[in-house]
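Engineer: What follows is input_9.json, made up of JSON, C-alpha atoms and all ligand atoms:
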```json
[["chain", "number", "residue", "atom", "x", "y", "z"],
["F", 1, "MET", "CA", 74.02, 190.92, 96.61],
["F", 2, "ARG", "CA", 72.54, 189.27, 99.64],
["F", 3, "TYR", "CA", 73.44, 185.66, 100.34],
["F", 4, "LYS", "CA", 70.89, 183.07, 101.44],
["F", 5, "HIS", "CA", 72.20, 182.82, 104.99],
["F", 6, "GLU", "CA", 73.02, 186.45, 105.54],
["F", 7, "PHE", "CA", 70.71, 188.17, 108.02],
["F", 8, "ASN", "CA", 70.29, 191.85, 108.65],
["F", 9, "ASP", "CA", 69.05, 192.82, 112.10],
["F", 10, "ALA", "CA", 65.43, 193.07, 111.04],
["F", 11, "ALA", "CA", 65.49, 189.59, 109.52],
["F", 12, "ARG", "CA", 66.91, 188.00, 112.64],
["F", 13, "LYS", "CA", 64.57, 186.03, 114.83],
["F", 14, "SER", "CA", 64.32, 187.19, 118.39],
["F", 15, "VAL", "CA", 64.83, 184.51, 121.05],
["F", 16, "VAL", "CA", 64.13, 184.45, 124.80],
["F", 17, "ILE", "CA", 65.85, 181.69, 126.82],
["F", 18, "LEU", "CA", 64.45, 180.37, 130.11],
["F", 19, "ILE", "CA", 66.83, 178.75, 132.59],
["F", 20, "SER", "CA", 66.87, 177.51, 136.19],
["F", 21, "GLY", "CA", 70.50, 176.62, 136.82],
["F", 22, "ARG", "CA", 73.92, 176.07, 135.31],
["F", 23, "GLY", "CA", 72.97, 177.30, 131.86],
["F", 24, "SER", "CA", 75.42, 175.27, 129.78],
["F", 25, "ASN", "CA", 72.83, 174.75, 127.02],
["F", 26, "MET", "CA", 72.12, 178.48, 127.06],
["F", 27, "GLN", "CA", 75.88, 179.08, 126.82],
["F", 28, "ALA", "CA", 76.13, 176.71, 123.85],
["F", 29, "LEU", "CA", 73.42, 178.76, 122.13],
["F", 30, "LEU", "CA", 75.19, 182.04, 122.90],
["F", 31, "GLU", "CA", 78.56, 180.72, 121.74],
["F", 32, "ALA", "CA", 77.07, 179.31, 118.54],
["F", 33, "LYS", "CA", 76.56, 182.98, 117.55],
["F", 34, "LEU", "CA", 73.76, 182.03, 115.18],
["F", 35, "PRO", "CA", 73.52, 184.85, 112.63],
["F", 36, "CYS", "CA", 69.84, 184.08, 112.16],
["F", 37, "SER", "CA", 68.96, 184.81, 115.78],
["F", 38, "ARG", "CA", 69.31, 187.51, 118.40],
["F", 39, "ILE", "CA", 69.09, 186.47, 122.05],
["F", 40, "ALA", "CA", 66.82, 189.20, 123.44],
["F", 41, "ALA", "CA", 66.87, 188.05, 127.07],
["F", 42, "VAL", "CA", 67.55, 185.25, 129.52],
["F", 43, "ILE", "CA", 64.96, 184.74, 132.27],
["F", 44, "SER", "CA", 65.46, 182.52, 135.33],
["F", 45, "ASN", "CA", 63.01, 181.38, 137.99],
["F", 46, "LYS", "CA", 65.97, 181.12, 140.37],
["F", 47, "ALA", "CA", 67.99, 184.13, 141.50],
["F", 48, "ASP", "CA", 71.12, 182.04, 142.05],
["F", 49, "ALA", "CA", 71.16, 180.38, 138.62],
["F", 50, "GLN", "CA", 74.78, 180.30, 137.41],
["F", 51, "GLY", "CA", 73.59, 180.87, 133.86],
["F", 52, "LEU", "CA", 72.58, 184.45, 134.71],
["F", 53, "GLU", "CA", 76.22, 185.50, 135.13],
["F", 54, "ILE", "CA", 77.19, 183.85, 131.86],
["F", 55, "ALA", "CA", 74.40, 185.72, 130.07],
["F", 56, "SER", "CA", 75.43, 189.05, 131.64],
["F", 57, "ARG", "CA", 79.01, 188.47, 130.54],
["F", 58, "HIS", "CA", 77.69, 188.10, 127.00],
["F", 59, "GLY", "CA", 75.91, 191.43, 127.37],
["F", 60, "ILE", "CA", 72.46, 189.89, 127.34],
["F", 61, "ALA", "CA", 69.55, 191.27, 129.36],
["F", 62, "THR", "CA", 68.66, 189.04, 132.31],
["F", 63, "GLN", "CA", 65.64, 188.89, 134.53],
["F", 64, "VAL", "CA", 64.69, 186.83, 137.58],
["F", 65, "LEU", "CA", 61.10, 185.85, 138.22],
["F", 66, "SER", "CA", 60.85, 183.62, 141.29],
["F", 67, "HIS", "CA", 57.94, 181.18, 141.28],
["F", 68, "ARG", "CA", 57.97, 181.52, 145.07],
["F", 69, "ASP", "CA", 56.62, 185.06, 144.76],
["F", 70, "TYR", "CA", 53.39, 183.75, 143.22],
["F", 71, "ALA", "CA", 50.44, 182.00, 144.86],
["F", 72, "ASP", "CA", 50.03, 179.34, 142.19],
["F", 73, "ARG", "CA", 51.32, 178.09, 138.84],
["F", 74, "GLU", "CA", 48.72, 180.03, 136.89],
["F", 75, "SER", "CA", 49.75, 183.41, 138.33],
["F", 76, "PHE", "CA", 53.48, 182.63, 137.96],
["F", 77, "ASP", "CA", 52.97, 181.64, 134.34],
["F", 78, "THR", "CA", 50.92, 184.78, 133.62],
["F", 79, "ALA", "CA", 53.73, 186.96, 135.01],
["F", 80, "LEU", "CA", 56.33, 184.92, 133.14],
["F", 81, "ALA", "CA", 54.45, 185.34, 129.84],
["F", 82, "THR", "CA", 54.20, 189.10, 130.41],
["F", 83, "ALA", "CA", 57.97, 189.27, 131.01],
["F", 84, "ILE", "CA", 58.69, 187.16, 127.91],
["F", 85, "ASP", "CA", 56.28, 189.05, 125.68],
["F", 86, "SER", "CA", 57.90, 192.38, 126.54],
["F", 87, "TYR", "CA", 60.75, 191.16, 124.27],
["F", 88, "GLN", "CA", 58.35, 190.11, 121.49],
["F", 89, "PRO", "CA", 60.25, 186.88, 120.80],
["F", 90, "ASP", "CA", 59.75, 184.68, 117.76],
["F", 91, "LEU", "CA", 61.01, 181.70, 119.75],
["F", 92, "VAL", "CA", 61.11, 180.76, 123.44],
["F", 93, "VAL", "CA", 63.79, 178.23, 124.40],
["F", 94, "LEU", "CA", 63.72, 176.19, 127.62],
["F", 95, "ALA", "CA", 67.32, 175.41, 128.58],
["F", 96, "GLY", "CA", 67.30, 173.46, 131.84],
["F", 97, "PHE", "CA", 64.14, 175.27, 132.91],
["F", 98, "MET", "CA", 62.70, 173.23, 135.77],
["F", 99, "ARG", "CA", 59.10, 174.45, 136.24],
["F", 100, "ILE", "CA", 56.22, 172.61, 134.61],
["F", 101, "LEU", "CA", 54.23, 175.11, 132.54],
["F", 102, "THR", "CA", 50.44, 175.45, 132.52],
["F", 103, "GLN", "CA", 48.21, 174.66, 129.57],
["F", 104, "ASN", "CA", 47.41, 178.36, 129.02],
["F", 105, "PHE", "CA", 51.09, 179.29, 128.90],
["F", 106, "VAL", "CA", 51.94, 176.50, 126.49],
["F", 107, "ALA", "CA", 48.96, 177.34, 124.24],
["F", 108, "HIS", "CA", 50.05, 180.99, 124.07],
["F", 109, "TYR", "CA", 53.45, 179.92, 122.62],
["F", 110, "GLU", "CA", 52.22, 177.10, 120.41],
["F", 111, "GLY", "CA", 54.77, 176.34, 117.69],
["F", 112, "ARG", "CA", 57.38, 178.71, 119.14],
["F", 113, "LEU", "CA", 58.32, 177.05, 122.45],
["F", 114, "ILE", "CA", 60.99, 174.33, 122.50],
["F", 115, "ASN", "CA", 62.74, 172.26, 125.18],
["F", 116, "ILE", "CA", 65.77, 170.02, 125.45],
["F", 117, "HIS", "CA", 65.31, 166.91, 127.52],
["F", 118, "PRO", "CA", 68.10, 164.55, 128.66],
["F", 119, "SER", "CA", 66.68, 161.28, 127.32],
["F", 120, "LEU", "CA", 65.51, 159.67, 124.09],
["F", 121, "LEU", "CA", 61.83, 160.57, 124.45],
["F", 122, "PRO", "CA", 59.26, 159.09, 124.82],
["F", 123, "ALA", "CA", 61.49, 157.02, 127.14],
["F", 124, "TYR", "CA", 62.41, 158.61, 130.48],
["F", 125, "GLY", "CA", 60.31, 161.73, 130.62],
["F", 126, "GLY", "CA", 60.41, 163.66, 133.90],
["F", 127, "LEU", "CA", 63.36, 163.87, 136.26],
["F", 128, "ASN", "CA", 66.46, 161.74, 137.08],
["F", 129, "THR", "CA", 66.63, 160.37, 133.55],
["F", 130, "HIS", "CA", 70.23, 159.12, 133.69],
["F", 131, "GLU", "CA", 69.74, 157.19, 136.96],
["F", 132, "ARG", "CA", 66.65, 155.51, 135.52],
["F", 133, "ALA", "CA", 68.34, 154.61, 132.23],
["F", 134, "LEU", "CA", 71.25, 153.04, 134.13],
["F", 135, "ALA", "CA", 68.90, 151.12, 136.44],
["F", 136, "ASP", "CA", 67.13, 149.66, 133.40],
["F", 137, "GLY", "CA", 70.41, 148.64, 131.77],
["F", 138, "VAL", "CA", 69.62, 150.26, 128.41],
["F", 139, "LYS", "CA", 72.53, 150.34, 125.97],
["F", 140, "ILE", "CA", 71.56, 153.52, 124.14],
["F", 141, "HIS", "CA", 70.56, 156.80, 125.75],
["F", 142, "GLY", "CA", 70.56, 160.41, 124.61],
["F", 143, "CYS", "CA", 68.73, 163.69, 124.36],
["F", 144, "THR", "CA", 65.73, 165.17, 122.58],
["F", 145, "VAL", "CA", 64.71, 168.62, 121.38],
["F", 146, "HIS", "CA", 60.92, 168.92, 121.15],
["F", 147, "PHE", "CA", 58.14, 171.44, 120.84],
["F", 148, "VAL", "CA", 56.52, 171.93, 124.23],
["F", 149, "THR", "CA", 52.88, 170.96, 124.61],
["F", 150, "ALA", "CA", 50.66, 170.57, 127.68],
["F", 151, "ASN", "CA", 51.51, 166.86, 127.68],
["F", 152, "LEU", "CA", 54.75, 166.95, 129.69],
["F", 153, "ASP", "CA", 57.80, 165.74, 127.72],
["F", 154, "HIS", "CA", 55.52, 164.41, 124.96],
["F", 155, "GLY", "CA", 55.58, 167.30, 122.51],
["F", 156, "PRO", "CA", 56.48, 166.69, 118.84],
["F", 157, "ILE", "CA", 60.13, 165.67, 118.43],
["F", 158, "ILE", "CA", 62.48, 167.87, 116.39],
["F", 159, "VAL", "CA", 65.90, 166.20, 116.73],
["F", 160, "GLN", "CA", 67.57, 163.55, 118.89],
["F", 161, "ALA", "CA", 71.13, 162.39, 119.52],
["F", 162, "ALA", "CA", 72.03, 158.96, 120.88],
["F", 163, "VAL", "CA", 75.06, 157.90, 122.90],
["F", 164, "PRO", "CA", 76.21, 154.47, 124.11],
["F", 165, "VAL", "CA", 75.76, 153.52, 127.75],
["F", 166, "LEU", "CA", 79.00, 151.98, 129.03],
["F", 167, "MET", "CA", 79.30, 149.26, 131.63],
["F", 168, "ASP", "CA", 81.07, 151.40, 134.20],
["F", 169, "ASP", "CA", 78.94, 154.52, 133.69],
["F", 170, "THR", "CA", 77.67, 156.47, 136.66],
["F", 171, "PRO", "CA", 74.79, 158.97, 136.34],
["F", 172, "GLU", "CA", 77.49, 161.66, 136.16],
["F", 173, "THR", "CA", 79.60, 160.13, 133.38],
["F", 174, "LEU", "CA", 76.48, 159.31, 131.38],
["F", 175, "ALA", "CA", 75.07, 162.82, 131.91],
["F", 176, "ALA", "CA", 78.33, 164.33, 130.65],
["F", 177, "ARG", "CA", 78.23, 162.20, 127.47],
["F", 178, "VAL", "CA", 74.61, 163.20, 126.84],
["F", 179, "LEU", "CA", 75.25, 166.88, 127.66],
["F", 180, "HIS", "CA", 77.99, 167.02, 125.02],
["F", 181, "GLU", "CA", 75.37, 166.04, 122.43],
["F", 182, "GLU", "CA", 72.80, 168.48, 123.87],
["F", 183, "HIS", "CA", 75.25, 171.27, 123.14],
["F", 184, "ARG", "CA", 75.41, 170.15, 119.50],
["F", 185, "ILE", "CA", 71.75, 169.54, 118.73],
["F", 186, "TYR", "CA", 70.16, 172.52, 120.51],
["F", 187, "PRO", "CA", 71.95, 175.17, 118.42],
["F", 188, "GLN", "CA", 71.09, 173.09, 115.34],
["F", 189, "ALA", "CA", 67.37, 173.10, 116.19],
["F", 190, "VAL", "CA", 67.40, 176.86, 116.84],
["F", 191, "ARG", "CA", 69.25, 177.42, 113.56],
["F", 192, "TRP", "CA", 66.60, 175.44, 111.67],
["F", 193, "PHE", "CA", 63.81, 177.41, 113.33],
["F", 194, "CYS", "CA", 65.42, 180.77, 112.71],
["F", 195, "ARG", "CA", 66.07, 179.95, 109.05],
["F", 196, "ASP", "CA", 62.39, 178.96, 108.68],
["F", 197, "HIS", "CA", 63.24, 175.32, 107.99],
["F", 198, "LEU", "CA", 61.40, 174.09, 111.09],
["F", 199, "LYS", "CA", 57.66, 174.38, 111.66],
["F", 200, "LEU", "CA", 54.98, 172.82, 113.80],
["F", 201, "THR", "CA", 52.03, 172.10, 111.53],
["F", 202, "PRO", "CA", 48.44, 172.75, 112.70],
["F", 203, "ASP", "CA", 47.94, 169.00, 113.18],
["F", 204, "GLY", "CA", 50.93, 168.84, 115.53],
["F", 205, "LYS", "CA", 53.56, 167.37, 113.21],
["F", 206, "VAL", "CA", 57.14, 168.58, 112.92],
["F", 207, "LEU", "CA", 58.01, 169.81, 109.44],
["F", 208, "LEU", "CA", 61.72, 169.88, 108.55],
["F", 209, "ASP", "CA", 61.89, 171.63, 105.22],
["F", 210, "ARG", "CA", 64.98, 171.38, 103.01],
["F", 211, "ILE", "CA", 66.92, 169.44, 105.67],
["F", 212, "GLU", "CA", 69.02, 166.46, 104.59],
["F", 213, "GLN", "CA", 67.76, 163.28, 106.25],
["F", 214, "PRO", "CA", 69.88, 160.18, 106.86],
["F", 215, "SER", "CA", 68.85, 157.06, 104.98],
["F", 216, "ALA", "CA", 71.44, 154.50, 106.12],
["F", 217, "ALA", "CA", 71.60, 152.70, 109.47],
["F", 218, "LEU", "CA", 72.78, 155.10, 112.16],
["F", 219, "ILE", "CA", 73.84, 152.53, 114.71],
["F", 220, "VAL", "CA", 75.65, 149.37, 113.74],
["F", 221, "PRO", "CA", 76.71, 147.26, 116.73],
["F", 222, "GLU", "CA", 80.09, 145.55, 116.37],
["F", 223, "LEU", "CA", 79.49, 141.88, 115.61],
["F", 224, "GLU", "CA", 82.03, 139.08, 116.06],
["F", 301, "LIG", "N1", 55.82, 172.25, 130.60],
["F", 301, "LIG", "C1", 54.95, 171.62, 129.82],
["F", 301, "LIG", "N2", 53.67, 171.98, 129.90],
["F", 301, "LIG", "N3", 55.30, 170.65, 128.94],
["F", 301, "LIG", "C2", 56.59, 170.27, 128.87],
["F", 301, "LIG", "O1", 56.91, 169.32, 128.00],
["F", 301, "LIG", "C3", 57.55, 170.88, 129.71],
["F", 301, "LIG", "C4", 57.12, 171.89, 130.57],
["F", 301, "LIG", "C5", 58.03, 172.51, 131.43],
["F", 301, "LIG", "C6", 59.34, 172.11, 131.46],
["F", 301, "LIG", "C7", 61.17, 170.59, 130.78],
["F", 301, "LIG", "C8", 61.08, 169.19, 131.41],
["F", 301, "LIG", "C9", 62.32, 168.37, 131.11],
["F", 301, "LIG", "O2", 62.94, 168.53, 130.05],
["F", 301, "LIG", "C10", 59.78, 171.09, 130.62],
["F", 301, "LIG", "C11", 58.90, 170.49, 129.72],
["F", 301, "LIG", "C12", 60.57, 170.14, 135.04],
["F", 301, "LIG", "C13", 59.85, 169.05, 135.52],
["F", 301, "LIG", "C14", 59.38, 169.02, 136.96],
["F", 301, "LIG", "O3", 58.92, 167.98, 137.44],
["F", 301, "LIG", "C15", 59.52, 168.03, 134.64],
["F", 301, "LIG", "C16", 59.94, 168.10, 133.33],
["F", 301, "LIG", "C17", 60.67, 169.19, 132.84],
["F", 301, "LIG", "C18", 60.99, 170.20, 133.72],
["F", 301, "LIG", "N4", 59.44, 170.15, 137.69],
["F", 301, "LIG", "C19", 58.99, 170.30, 139.09],
["F", 301, "LIG", "C20", 57.67, 171.12, 139.12],
["F", 301, "LIG", "O4", 56.94, 170.91, 140.10],
["F", 301, "LIG", "C21", 59.99, 171.07, 139.91],
["F", 301, "LIG", "C22", 61.31, 170.39, 139.98],
["F", 301, "LIG", "C23", 62.40, 171.29, 140.50],
["F", 301, "LIG", "O5", 62.18, 172.49, 140.76],
["F", 301, "LIG", "O6", 63.53, 170.80, 140.65],
["F", 301, "LIG", "O7", 57.43, 171.97, 138.27],
["F", 301, "LIG", "O8", 62.67, 167.46, 131.90],
["F", 302, "LIG", "C1", 70.41, 169.53, 130.80],
["F", 302, "LIG", "O1", 70.91, 168.22, 130.79],
["F", 302, "LIG", "C2", 68.98, 169.55, 130.31],
["F", 302, "LIG", "O2", 68.73, 168.62, 129.29],
["F", 302, "LIG", "C3", 68.26, 169.13, 131.56],
["F", 302, "LIG", "O3", 68.94, 169.71, 132.63],
["F", 302, "LIG", "C4", 70.27, 170.03, 132.24],
["F", 302, "LIG", "C5", 70.42, 171.51, 132.32],
["F", 302, "LIG", "O4", 71.77, 171.86, 132.15],
["F", 302, "LIG", "N1", 66.93, 169.59, 131.52],
["F", 302, "LIG", "C6", 66.00, 169.08, 132.28],
["F", 302, "LIG", "O5", 66.18, 168.11, 132.99],
["F", 302, "LIG", "C7", 64.69, 169.80, 132.20],
["F", 302, "LIG", "N2", 63.84, 169.27, 133.18],
["F", 302, "LIG", "P1", 72.17, 173.34, 131.75],
["F", 302, "LIG", "O6", 71.49, 174.27, 132.74],
["F", 302, "LIG", "O7", 73.66, 173.34, 131.95],
["F", 302, "LIG", "O8", 71.77, 173.57, 130.35]]
```
Represent the supplied structure as structure tokens.
Ligand code: NHR
Ligand code: GAR

Structural biologist:
Amino acid sequence: MRYKHEFNDAARKSVVILISGRGSNMQALLEAKLPCSRIAAVISNKADAQGLEIASRHGIATQVLSHRDYADRESFDTALATAIDSYQPDLVVLAGFMRILTQNFVAHYEGRLINIHPSLLPAYGGLNTHERALADGVKIHGCTVHFVTANLDHGPIIVQAAVPVLMDDTPETLAARVLHEEHRIYPQAVRWFCRDHLKLTPDGKVLLDRIEQPSAALIVPELE
């Protein structure tokens, strides 16, 4: 008798994770031990990325591909795709990966390339999101998991988590509050994908199949 969420090795989805630095989102994915997925490799564009050691400690294959060894973005992305495809992944996960990817690369992984971004997209795409949110005085901030498209930080949204911005927040305290939520929603998104609940439709819409959706107000400010 095989249960619905039991996965033999052949049924597991193969995942390649791309990082550039600390790798805490990658670590959250490794520690989630999702039975539906097998992390085939972690690839970094930086040799000194801390995440590489964490991956090695988990017994996961690591590879470094420095963008500095390539003349332009196109040739770096071609080499990166060759490295990724050697693992034949079902899903490619950007976890703090800091290089903008070319149109050809993104098209090659259409519907199987996801990113986590530290803001409530479409607000605050790009870099320094927490500084900019604080400067604007917004009261709610957060993080977004999305499919990657050529339109930077504008791919179809899969899941978001919101946190309050507090009066005495610094970029660091706000980043920590957001990061805590990143570590919760990224494993969830990968779990959905690996269980075949999450799809990108041909017309670019996110399909969440058989996932419970909230119907009540999520955020209710305290009123006096
Ligand atoms: N590529 C495409 N085509 N589309 C997206 O949505 C992408 C992407 C590559 C990375 C992550 C993204 C983020 O979550 C991401 C999304 C890096 C930069 C950037 O400006 C911007 C957005 C993101 C990642 N990178 C500089 C560059 O010249 C380098 C910065 C650095 O090395 O520190 O590539 O925020
Ligand atoms: C995370 O906050 C992630 O959302 C963000 O960088 C941090 C990486 O931390 N990603 C980007 O800004 C992508 N441009 P991590 O390496 O510890 O996961």

Engineer: Could you give me the residues within 8 Å of ligand LIG 302 (chain F), counting only C-alpha atoms and all ligand atoms, as a PyMOL selection string?

Structural biologist: chain F and resi 19-27+51+94-99+115-119+126-129+143+175+178-179+182

Engineer: For each of F:Ala150, F:Ala10, F:Leu52, F:Leu208, take the minimum atom-to-atom distance to ligand LIG 301 (chain F), counting all atoms listed in the file, then give the residue where this is smallest.

Structural biologist: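 Under the stated criterion, the closest residue is F:Ala150.
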
Engineer: How many Å lie between atom CA of F:Val93 and atom CA of F:Phe147, rounded to one decimal?

Structural biologist: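 Rounded to one decimal, the two atoms are 9.5 Å apart.
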
Engineer: Just want the 10 Å neighbourhood of stretch 56-59 of chain F, counted on all atoms listed in the file, with same-chain residues fewer than 5 positions away dropped. Output as a PDB file with C-alpha atoms, in the coordinates of the input.

Structural biologist:
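Final output, saved to selection-v9.pdb:
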```pdb
ATOM      1  CA  GLN F  27      75.880 179.080 126.820  1.00  0.00           C
ATOM      2  CA  LEU F  30      75.190 182.040 122.900  1.00  0.00           C
ATOM      3  CA  GLU F  31      78.560 180.720 121.740  1.00  0.00           C
ATOM      4  CA  ILE F  39      69.090 186.470 122.050  1.00  0.00           C
ATOM      5  CA  ALA F  41      66.870 188.050 127.070  1.00  0.00           C
ATOM      6  CA  VAL F  42      67.550 185.250 129.520  1.00  0.00           C
ATOM      7  CA  GLY F  51      73.590 180.870 133.860  1.00  0.00           C
TER       8      GLY F  51
END
```

Engineer: Please return the centre and edge lengths, in Å to one decimal, of a box with edges along x, y and z that contains all listed atoms of stretch 9-20 of chain F, widened by 3 Å on every side, as JSON.

Structural biologist:
```
{"center_x": 66.6, "center_y": 185.3, "center_z": 122.9, "size_x": 10.9, "size_y": 21.6, "size_z": 32.7}
```

Engineer: I'd like to know which of F:Leu18, F:Leu113, F:Val190, F:Val148 is closest to ligand LIG 301 (chain F), using only C-alpha atoms and all ligand atoms.

Structural biologist: F:Val148

Engineer: Around (74.2, 148.8, 118.5), as given in the file, which residues come within 10 Å? Count only C-alpha atoms and list them as a CSV table (one decimal) with C-alpha atoms, in the frame of the given file.

Structural biologist:
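Once written, point.csv looks like this:
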```
chain,number,residue,atom,x,y,z
F,139,LYS,CA,72.5,150.3,126.0
F,140,ILE,CA,71.6,153.5,124.1
F,164,PRO,CA,76.2,154.5,124.1
F,218,LEU,CA,72.8,155.1,112.2
F,219,ILE,CA,73.8,152.5,114.7
F,220,VAL,CA,75.6,149.4,113.7
F,221,PRO,CA,76.7,147.3,116.7
F,222,GLU,CA,80.1,145.6,116.4
F,223,LEU,CA,79.5,141.9,115.6
```

Engineer: Do a neighbour search on F:Ala47 at 8 Å with only C-alpha atoms, toss out local chain neighbours closer than 5 positions, and write the hits as a list of chain:residue names.

Structural biologist: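 In the requested format, the answer is F:Val64, F:Leu65, F:Ser66.
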
Engineer: Using C-alpha atoms, can you export the residues from the last selection as a PDB file, keeping the file's coordinate frame?

Structural biologist:
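In the end it all went to selection-v2.pdb:
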```
ATOM      1  CA  VAL F  64      64.690 186.830 137.580  1.00  0.00           C
ATOM      2  CA  LEU F  65      61.100 185.850 138.220  1.00  0.00           C
ATOM      3  CA  SER F  66      60.850 183.620 141.290  1.00  0.00           C
TER       4      SER F  66
END
```

Engineer: Considering all atoms listed in the file, can you say which of F:Phe105, F:Tyr87, F:Tyr186, F:Tyr70 comes closest to ligand LIG 301 (chain F)?

Structural biologist: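 Once distances to ligand LIG 301 (chain F) are computed over all atoms listed in the file, the minimum belongs to F:Phe105.
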
Engineer: Report, in Å with one decimal, the straight-line distance from atom CA of F:Arg38 to atom CA of F:Ser14.

Structural biologist: 5.0 Å

Engineer: Would you mind reading off the distance between atom CA of F:Lys205 and atom CA of F:Tyr109, one decimal, in Å?

Structural biologist: 15.7 Å

Engineer: Please provide as a list in words all residues within 10 Å of F:Ile211, with the sequence filter that same-chain residues fewer than 3 positions apart are discarded (counting all atoms listed in the file).

Structural biologist: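 Contacts, in chain order: Trp192, His197, Leu198, Leu207, Leu208 and Pro214 of chain F.
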
Engineer: Hey, can you spit out that residue selection with C-alpha atoms as a compact mmCIF listing (two decimals), keeping the file's coordinate frame?

Structural biologist:
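See again_21.txt below for the written result:
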```txt
# COMPACT_ATOMS: atom_id res chain seq x y z
CA TRP F 192 66.60 175.44 111.67
CA HIS F 197 63.24 175.32 107.99
CA LEU F 198 61.40 174.09 111.09
CA LEU F 207 58.01 169.81 109.44
CA LEU F 208 61.72 169.88 108.55
CA PRO F 214 69.88 160.18 106.86
```
